[in-house]
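K.L.:
Below is the file final33.txt, with compact mmCIF, C-alpha atoms.
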# COMPACT_ATOMS: atom_id res chain seq x y z
CA MET S 30 5.99 -89.56 -136.35
CA LYS S 31 6.74 -91.70 -133.29
CA TYR S 32 10.10 -93.37 -132.67
CA VAL S 33 10.94 -96.52 -130.76
CA ILE S 34 14.72 -96.82 -130.54
CA GLY S 35 16.39 -99.97 -129.19
CA ASN S 36 19.95 -99.63 -127.89
CA TRP S 37 21.58 -103.05 -127.61
CA LYS S 38 24.76 -101.60 -126.08
CA CYS S 39 27.55 -104.23 -125.85
CA TYR S 40 25.38 -107.32 -125.47
CA LYS S 41 24.71 -109.07 -128.77
CA THR S 42 26.95 -110.79 -131.32
CA SER S 43 26.10 -110.70 -135.02
CA GLU S 44 24.51 -114.14 -134.76
CA ASP S 45 22.51 -113.04 -131.71
CA GLY S 46 21.30 -110.06 -133.69
CA ARG S 47 20.30 -112.14 -136.70
CA LEU S 48 18.20 -114.45 -134.53
CA TRP S 49 16.68 -111.44 -132.77
CA LEU S 50 15.64 -109.90 -136.10
CA GLU S 51 14.02 -113.13 -137.25
CA LYS S 52 11.96 -113.40 -134.06
CA PHE S 53 11.06 -109.72 -134.15
CA ALA S 54 9.93 -109.98 -137.78
CA ARG S 55 7.32 -112.55 -136.76
CA LEU S 56 5.92 -110.26 -134.04
CA TYR S 57 6.26 -106.77 -135.47
CA ARG S 58 3.41 -104.97 -137.25
CA PRO S 59 4.52 -101.83 -139.11
CA HIS S 60 2.68 -98.53 -138.95
CA ASP S 61 3.12 -95.64 -141.39
CA ASP S 62 3.76 -93.18 -138.55
CA LEU S 63 6.10 -95.37 -136.48
CA GLN S 64 9.86 -95.46 -137.02
CA VAL S 65 11.64 -98.33 -135.28
CA VAL S 66 15.41 -97.96 -134.87
CA ILE S 67 17.77 -100.69 -133.65
CA ALA S 68 21.34 -99.94 -132.54
CA PRO S 69 23.63 -103.00 -132.60
CA THR S 70 27.41 -102.99 -132.18
CA PHE S 71 29.64 -101.80 -135.02
CA LEU S 72 30.72 -105.36 -135.81
CA SER S 73 27.10 -106.35 -136.44
CA LEU S 74 26.00 -103.41 -138.56
CA GLU S 75 26.96 -104.76 -141.98
CA SER S 76 25.55 -108.26 -141.53
CA LEU S 77 22.37 -107.02 -139.85
CA ALA S 78 21.81 -104.38 -142.53
CA ALA S 79 21.91 -107.14 -145.14
CA HIS S 80 19.63 -109.37 -143.08
CA LEU S 81 17.18 -106.51 -142.53
CA ASP S 82 17.01 -106.02 -146.31
CA ARG S 83 16.22 -109.70 -146.79
CA LEU S 84 13.45 -109.54 -144.20
CA SER S 85 11.95 -106.40 -145.82
CA LEU S 86 10.78 -104.97 -142.49
CA ALA S 87 8.96 -101.73 -143.25
CA GLY S 88 9.68 -98.85 -140.92
CA VAL S 89 12.75 -100.43 -139.32
CA ALA S 90 16.20 -98.84 -139.57
CA LEU S 91 19.59 -99.32 -137.94
CA ALA S 92 21.65 -96.91 -135.86
CA ALA S 93 25.31 -96.88 -134.96
CA GLN S 94 25.99 -96.58 -131.23
CA ASN S 95 28.86 -94.14 -131.75
CA ILE S 96 31.03 -92.51 -134.41
CA SER S 97 34.37 -90.75 -134.49
CA PRO S 98 34.47 -87.00 -133.82
CA PHE S 99 36.91 -86.82 -136.74
CA PRO S 100 36.71 -87.56 -140.48
CA ARG S 101 38.76 -90.33 -142.07
CA GLY S 102 42.41 -90.12 -141.18
CA GLY S 103 45.10 -91.23 -138.76
CA TYR S 104 42.79 -91.96 -135.83
CA THR S 105 43.53 -95.52 -134.74
CA GLY S 106 40.50 -97.42 -133.52
CA GLU S 107 37.94 -94.87 -134.73
CA ILE S 108 35.13 -95.34 -137.26
CA ALA S 109 34.30 -92.31 -139.39
CA ALA S 110 30.68 -91.32 -139.96
CA ASP S 111 30.83 -91.80 -143.72
CA MET S 112 31.91 -95.42 -143.18
CA VAL S 113 28.57 -96.02 -141.45
CA ARG S 114 26.49 -94.43 -144.21
CA GLY S 115 24.69 -97.08 -146.24
CA LEU S 116 24.48 -99.41 -143.24
CA ALA S 117 22.70 -97.17 -140.72
CA ARG S 118 20.49 -94.11 -140.96
CA TYR S 119 20.90 -92.94 -137.37
CA VAL S 120 23.71 -92.64 -134.83
CA ILE S 121 23.59 -92.30 -131.03
CA VAL S 122 25.69 -89.41 -129.75
CA GLY S 123 26.53 -88.34 -126.20
CA HIS S 124 25.12 -91.29 -124.26
CA SER S 125 25.78 -90.99 -120.52
CA GLU S 126 27.81 -94.22 -120.60
CA ARG S 127 30.12 -92.66 -123.18
CA ARG S 128 30.54 -89.65 -120.93
CA ARG S 129 31.00 -91.72 -117.77
CA TYR S 130 33.37 -94.41 -119.01
CA PHE S 131 35.09 -92.70 -121.95
CA HIS S 132 35.06 -89.10 -120.66
CA GLU S 133 33.44 -87.62 -123.75
CA SER S 134 33.24 -83.84 -123.71
CA ASN S 135 30.62 -81.48 -125.10
CA GLN S 136 33.07 -80.47 -127.82
CA GLN S 137 33.50 -84.09 -128.92
CA ILE S 138 29.72 -84.50 -128.98
CA MET S 139 29.34 -81.41 -131.14
CA ASN S 140 32.04 -82.70 -133.48
CA LYS S 141 30.22 -86.03 -133.76
CA VAL S 142 26.94 -84.29 -134.56
CA THR S 143 28.69 -82.34 -137.32
CA GLU S 144 30.32 -85.48 -138.72
CA ALA S 145 26.98 -87.31 -138.63
CA ALA S 146 25.18 -84.50 -140.44
CA ASP S 147 27.90 -84.30 -143.10
CA ALA S 148 27.47 -88.05 -143.69
CA LYS S 149 23.65 -87.67 -143.93
CA LEU S 150 23.13 -89.63 -140.70
CA VAL S 151 20.50 -88.51 -138.19
CA PRO S 152 22.12 -87.94 -134.78
CA ILE S 153 20.21 -89.09 -131.70
CA VAL S 154 21.66 -86.72 -129.11
CA CYS S 155 21.36 -87.90 -125.50
CA VAL S 156 20.82 -85.40 -122.68
CA ASP S 157 20.38 -86.38 -119.05
CA SER S 158 18.97 -83.20 -117.48
CA VAL S 159 18.02 -79.61 -118.17
CA THR S 160 21.63 -78.70 -117.40
CA SER S 161 22.44 -80.19 -120.82
CA LEU S 162 20.35 -77.56 -122.61
CA PRO S 163 23.36 -75.28 -123.30
CA LEU S 164 24.83 -78.19 -125.30
CA LEU S 165 21.63 -78.37 -127.37
CA GLY S 166 21.81 -74.62 -127.82
CA ALA S 167 25.32 -74.94 -129.23
CA ILE S 168 24.20 -77.79 -131.49
CA ALA S 169 21.30 -75.63 -132.72
CA ASP S 170 23.89 -73.23 -134.13
CA LEU S 171 25.34 -76.00 -136.29
CA ASP S 172 24.07 -76.77 -139.79
CA VAL S 173 22.05 -79.88 -138.90
CA ASP S 174 18.87 -80.60 -140.86
CA ARG S 175 17.57 -83.53 -138.80
CA LEU S 176 18.16 -84.51 -135.18
CA VAL S 177 16.41 -86.47 -132.42
CA VAL S 178 16.87 -85.55 -128.76
CA ALA S 179 16.88 -88.49 -126.32
CA TYR S 180 16.12 -87.44 -122.76
CA THR S 181 17.83 -90.17 -120.73
CA PRO S 182 18.20 -89.18 -117.06
CA VAL S 183 21.33 -90.84 -115.75
CA ASP S 184 19.74 -92.12 -112.52
CA SER S 185 17.08 -93.96 -114.52
CA ILE S 186 19.76 -95.67 -116.61
CA ASN S 187 22.38 -96.48 -113.98
CA PHE S 188 20.39 -96.83 -110.77
CA SER S 189 16.87 -97.77 -111.93
CA ILE S 190 15.36 -94.69 -110.27
CA ILE S 191 12.59 -94.25 -112.79
CA GLU S 192 11.18 -90.78 -113.39
CA SER S 193 7.41 -90.48 -113.42
CA PRO S 194 5.62 -89.60 -116.67
CA THR S 195 4.65 -86.28 -115.06
CA LYS S 196 8.29 -85.35 -114.35
CA VAL S 197 9.40 -86.54 -117.78
CA GLY S 198 6.62 -84.50 -119.38
CA GLU S 199 7.80 -81.35 -117.60
CA THR S 200 11.37 -81.79 -118.86
CA VAL S 201 10.28 -82.70 -122.37
CA ASN S 202 8.03 -79.63 -122.53
CA HIS S 203 10.97 -77.48 -121.47
CA ILE S 204 13.18 -78.95 -124.20
CA ARG S 205 10.46 -78.58 -126.85
CA GLN S 206 9.81 -74.96 -125.89
CA MET S 207 13.45 -74.14 -126.48
CA PHE S 208 13.98 -76.40 -129.51
CA PRO S 209 10.55 -76.91 -131.10
CA ARG S 210 11.79 -78.40 -134.38
CA TRP S 211 13.46 -81.43 -132.77
CA PRO S 212 11.51 -84.53 -131.73
CA VAL S 213 12.23 -85.69 -128.17
CA VAL S 214 12.19 -89.32 -127.00
CA TYR S 215 12.53 -90.64 -123.45
CA GLY S 216 14.70 -93.46 -122.14
CA GLY S 217 15.09 -94.92 -118.66
CA GLY S 218 13.65 -98.04 -117.02
CA LEU S 219 11.17 -98.70 -119.82
CA LEU S 220 9.15 -101.92 -119.74
CA PRO S 221 6.01 -103.14 -121.52
CA GLY S 222 4.20 -102.52 -118.24
CA ASN S 223 5.05 -98.80 -118.02
CA ALA S 224 5.76 -97.73 -121.61
CA ASP S 225 2.18 -96.71 -122.28
CA GLY S 226 2.30 -94.10 -119.52
CA TYR S 227 5.21 -92.35 -121.24
CA LEU S 228 3.76 -92.74 -124.73
CA GLY S 229 0.80 -90.70 -123.49
CA ILE S 230 2.95 -87.61 -122.87
CA PRO S 231 1.69 -85.12 -125.50
CA ALA S 232 5.04 -83.50 -126.33
CA LEU S 233 6.97 -86.79 -126.45
CA SER S 234 7.85 -88.30 -129.83
CA GLY S 235 8.74 -91.80 -128.68
CA LEU S 236 10.94 -94.03 -126.55
CA PHE S 237 14.65 -94.83 -126.25
CA VAL S 238 14.73 -98.41 -124.97
CA GLY S 239 17.72 -100.13 -123.37
CA ALA S 240 17.40 -103.47 -121.57
CA SER S 241 13.86 -104.09 -122.83
CA SER S 242 15.15 -104.02 -126.41
CA LEU S 243 17.32 -107.10 -125.85
CA GLU S 244 14.37 -109.49 -126.06
CA PRO S 245 12.37 -109.30 -129.31
CA GLU S 246 9.12 -110.11 -127.53
CA THR S 247 9.32 -107.22 -125.07
CA PHE S 248 10.55 -104.78 -127.71
CA ALA S 249 7.80 -105.80 -130.13
CA GLU S 250 5.22 -105.24 -127.40
CA ILE S 251 6.53 -101.72 -126.78
CA CYS S 252 6.39 -101.07 -130.53
CA ARG S 253 2.81 -102.37 -130.58
CA GLN S 254 1.84 -99.97 -127.80
CA ALA S 255 3.47 -97.07 -129.64
CA ALA S 256 1.61 -97.91 -132.85
CA ALA S 257 -1.70 -98.30 -130.99
CA GLY S 258 -1.51 -94.70 -129.83
CA LEU S 259 -1.13 -93.29 -133.34
What do you get writing this file as structure tokens?
P.N.:
Amino acid sequence: MKYVIGNWKCYKTSEDGRLWLEKFARLYRPHDDLQVVIAPTFLSLESLAAHLDRLSLAGVALAAQNISPFPRGGYTGEIAADMVRGLARYVIVGHSERRRYFHESNQQIMNKVTEAADAKLVPIVCVDSVTSLPLLGAIADLDVDRLVVAYTPVDSINFSIIESPTKVGETVNHIRQMFPRWPVVYGGGLLPGNADGYLGIPALSGLFVGASSLEPETFAEICRQAAAGL
């Protein structure tokens, strides 16, 4: 199974997302071994989940960009994992922007993974270097059936210093050797013009796409390249 995950961050309104899905539906060609995941904002999840059902796009699911590290309760401003269930199948956890701007700790990330698993959501856990491997080791001790690791080096996200496929392959191999049951995807500076080079990495299970997911044409092209290699 290959994954192509599109993280819209804080860019699109619900109406923007609806129009995006309609354009994408005209371009996208499903493949049995390709899972496409789109992560809109919380406010858009419910309306886009309904619109996705109407479009009947095979192999396309939604992800939340974040969840609370706590269950339901007196946590003003938070959204519990079980509130997302039924709208999304995946949730992004531990993104470098959450760490940088919201000072998320490893303990909070572990709590979010646990909450996601309890709600039957698949956590997409972001790591930015091999120094994050102790966090994955701690997560491996949790009771989590399914999980996707997203290798997203912070320099590639924040400063557009793109790692070569060779360097990415070395890191991905290291992660897979330590945690062989988890698929690993790569994110950082991905474009239709360079995606194929990363998709050719043998141990890599797909791509985690940021800016190039904001336009349906570019995202559909990356999905096409991923499907072509299957």
K.L.:
Restricting the calculation to all atoms listed in the file: of S:Ile96, S:Cys252, S:Leu116, S:Leu150, which residue gets closest to Gln137 (chain S)?
P.N.:
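Comparing S:Ile96, S:Cys252, S:Leu116, S:Leu150 against Gln137 (chain S), the winner is S:Ile96.
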K.L.:
Measure the distance from CA of Asp172 (chain S) to CA of Ala117 (chain S) in Å and round it to one decimal.
P.N.:
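CA of Asp172 (chain S) sits 20.5 Å away from CA of Ala117 (chain S).
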K.L.:
Which is closest to Val142 (chain S) among S:Leu176, S:Ala109, S:Met30, S:Ala93, if we use all atoms listed in the file?
P.N.:
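Counting all atoms listed in the file, the residue closest to Val142 (chain S) is S:Leu176.
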K.L.:
Within 12 Å of Lys196 (chain S), counting all atoms listed in the file, which residues qualify if same-chain residues fewer than 5 places away don't, as a CSV table (one decimal) with C-alpha atoms, in the coordinates of the input?
P.N.:
chain,number,residue,atom,x,y,z
S,158,SER,CA,19.0,-83.2,-117.5
S,159,VAL,CA,18.0,-79.6,-118.2
S,180,TYR,CA,16.1,-87.4,-122.8
S,182,PRO,CA,18.2,-89.2,-117.1
S,191,ILE,CA,12.6,-94.2,-112.8
S,201,VAL,CA,10.3,-82.7,-122.4
S,202,ASN,CA,8.0,-79.6,-122.5
S,203,HIS,CA,11.0,-77.5,-121.5
S,215,TYR,CA,12.5,-90.6,-123.4
S,226,GLY,CA,2.3,-94.1,-119.5
S,227,TYR,CA,5.2,-92.4,-121.2
S,230,ILE,CA,3.0,-87.6,-122.9
K.L.:
Under the rule that all atoms listed in the file are counted, which of S:Leu220, S:Leu72, S:Ile34, S:Ala169 is the nearest residue to Ser234 (chain S)?
P.N.:
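Answer, going by the shortest atom-to-atom distance: S:Ile34.
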K.L.:
May I have the residues at most 7 Å from (14.8, -100.5, -129.1) in the file's coordinates, counting all atoms listed in the file, as a PyMOL selection string?
P.N.:
chain S and resi 33-36+66-67+237-239+242+248
K.L.:
Can I get the selected residues back with C-alpha atoms, as a CSV table (one decimal), in the coordinates of the input?
P.N.:
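Final file, result16.csv:
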chain,number,residue,atom,x,y,z
S,33,VAL,CA,10.9,-96.5,-130.8
S,34,ILE,CA,14.7,-96.8,-130.5
S,35,GLY,CA,16.4,-100.0,-129.2
S,36,ASN,CA,20.0,-99.6,-127.9
S,66,VAL,CA,15.4,-98.0,-134.9
S,67,ILE,CA,17.8,-100.7,-133.6
S,237,PHE,CA,14.6,-94.8,-126.2
S,238,VAL,CA,14.7,-98.4,-125.0
S,239,GLY,CA,17.7,-100.1,-123.4
S,242,SER,CA,15.2,-104.0,-126.4
S,248,PHE,CA,10.6,-104.8,-127.7
K.L.:
Select, from S:Leu50, S:Pro69, S:Asp184, S:Pro163, the residue with the minimum atom-to-atom distance to Met207 (chain S), counting all atoms listed in the file.
P.N.:
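Nearest candidate to Met207 (chain S) out of S:Leu50, S:Pro69, S:Asp184, S:Pro163: S:Pro163.
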K.L.:
Hey, can I get the axis-aligned box for region 157-168 of chain S? All listed atoms, 4 Å padding on each side, centre and edge lengths in Å to one decimal, as JSON.
P.N.:
{"center_x": 21.7, "center_y": -80.5, "center_z": -124.4, "size_x": 15.3, "size_y": 19.8, "size_z": 22.1}
K.L.:
Find the residues around Gln64 (chain S) up to 10 Å (all atoms listed in the file counted), leave out those fewer than 5 positions away in its own chain, and share them as a JSON list (two decimals) with C-alpha atoms, in the coordinates of the input.
P.N.:
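Final output, out-v4.json:
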[["chain", "number", "residue", "atom", "x", "y", "z"],
["S", 30, "MET", "CA", 5.99, -89.56, -136.35],
["S", 31, "LYS", "CA", 6.74, -91.70, -133.29],
["S", 32, "TYR", "CA", 10.10, -93.37, -132.67],
["S", 33, "VAL", "CA", 10.94, -96.52, -130.76],
["S", 34, "ILE", "CA", 14.72, -96.82, -130.54],
["S", 59, "PRO", "CA", 4.52, -101.83, -139.11],
["S", 87, "ALA", "CA", 8.96, -101.73, -143.25],
["S", 88, "GLY", "CA", 9.68, -98.85, -140.92],
["S", 89, "VAL", "CA", 12.75, -100.43, -139.32],
["S", 90, "ALA", "CA", 16.20, -98.84, -139.57],
["S", 235, "GLY", "CA", 8.74, -91.80, -128.68],
["S", 252, "CYS", "CA", 6.39, -101.07, -130.53],
["S", 255, "ALA", "CA", 3.47, -97.07, -129.64],
["S", 256, "ALA", "CA", 1.61, -97.91, -132.85]]
K.L.:
Please determine, counting all atoms listed in the file, which residue among S:His80, S:Lys38, S:Lys141, S:Arg55 has the shortest atom-to-atom distance to Ser241 (chain S).
P.N.:
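The closest residue to Ser241 (chain S) is S:Lys38.
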K.L.:
Counting only C-alpha atoms, I want the residues whose atoms come within 12 Å of (22.0, -113.6, -134.5) in the file frame, returned as a list in words.
P.N.:
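Those within range, by chain then number, are Tyr40, Lys41, Thr42, Ser43, Glu44, Asp45, Gly46, Arg47, Leu48, Trp49, Leu50, Glu51, Lys52, Phe53, Pro69, Ser73, Leu74, Ser76, Leu77, His80, Leu81, Leu243 and Pro245 of chain S.
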K.L.:
Can you tell me which residues surround Arg127 (chain S) at a distance of at most 12 Å, considering all atoms listed in the file, apart from same-chain residues fewer than 6 positions away, and format the answer as a list in words?
P.N.:
Lys38, Gln94, Asn95, Ile96, Ile121, Glu133, Ser134, Asn135, Gln137, Ile138, Val154, Cys155, Val156 and Val183 of chain S
K.L.:
Those same residues, written as a compact mmCIF listing (two decimals), in the coordinates of the input with C-alpha atoms?
P.N.:
# COMPACT_ATOMS: atom_id res chain seq x y z
CA LYS S 38 24.76 -101.60 -126.08
CA GLN S 94 25.99 -96.58 -131.23
CA ASN S 95 28.86 -94.14 -131.75
CA ILE S 96 31.03 -92.51 -134.41
CA ILE S 121 23.59 -92.30 -131.03
CA GLU S 133 33.44 -87.62 -123.75
CA SER S 134 33.24 -83.84 -123.71
CA ASN S 135 30.62 -81.48 -125.10
CA GLN S 137 33.50 -84.09 -128.92
CA ILE S 138 29.72 -84.50 -128.98
CA VAL S 154 21.66 -86.72 -129.11
CA CYS S 155 21.36 -87.90 -125.50
CA VAL S 156 20.82 -85.40 -122.68
CA VAL S 183 21.33 -90.84 -115.75
K.L.:
State, in Å with one decimal place, the distance from CA of Gly123 (chain S) to CA of Asp170 (chain S).
P.N.:
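Separation of CA of Gly123 (chain S) and CA of Asp170 (chain S): 17.3 Å.
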K.L.:
Which is closer to Pro152 (chain S) than all the others in S:Leu259, S:Ile204, S:Val214, S:Ala92, using all atoms listed in the file?
P.N.:
S:Ala92
K.L.:
Could you state the separation of CA of Ala78 (chain S) and CA of Ile251 (chain S) in Å, given to one decimal place?
P.N.:
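Distance reported for this atom pair: 22.1 Å.
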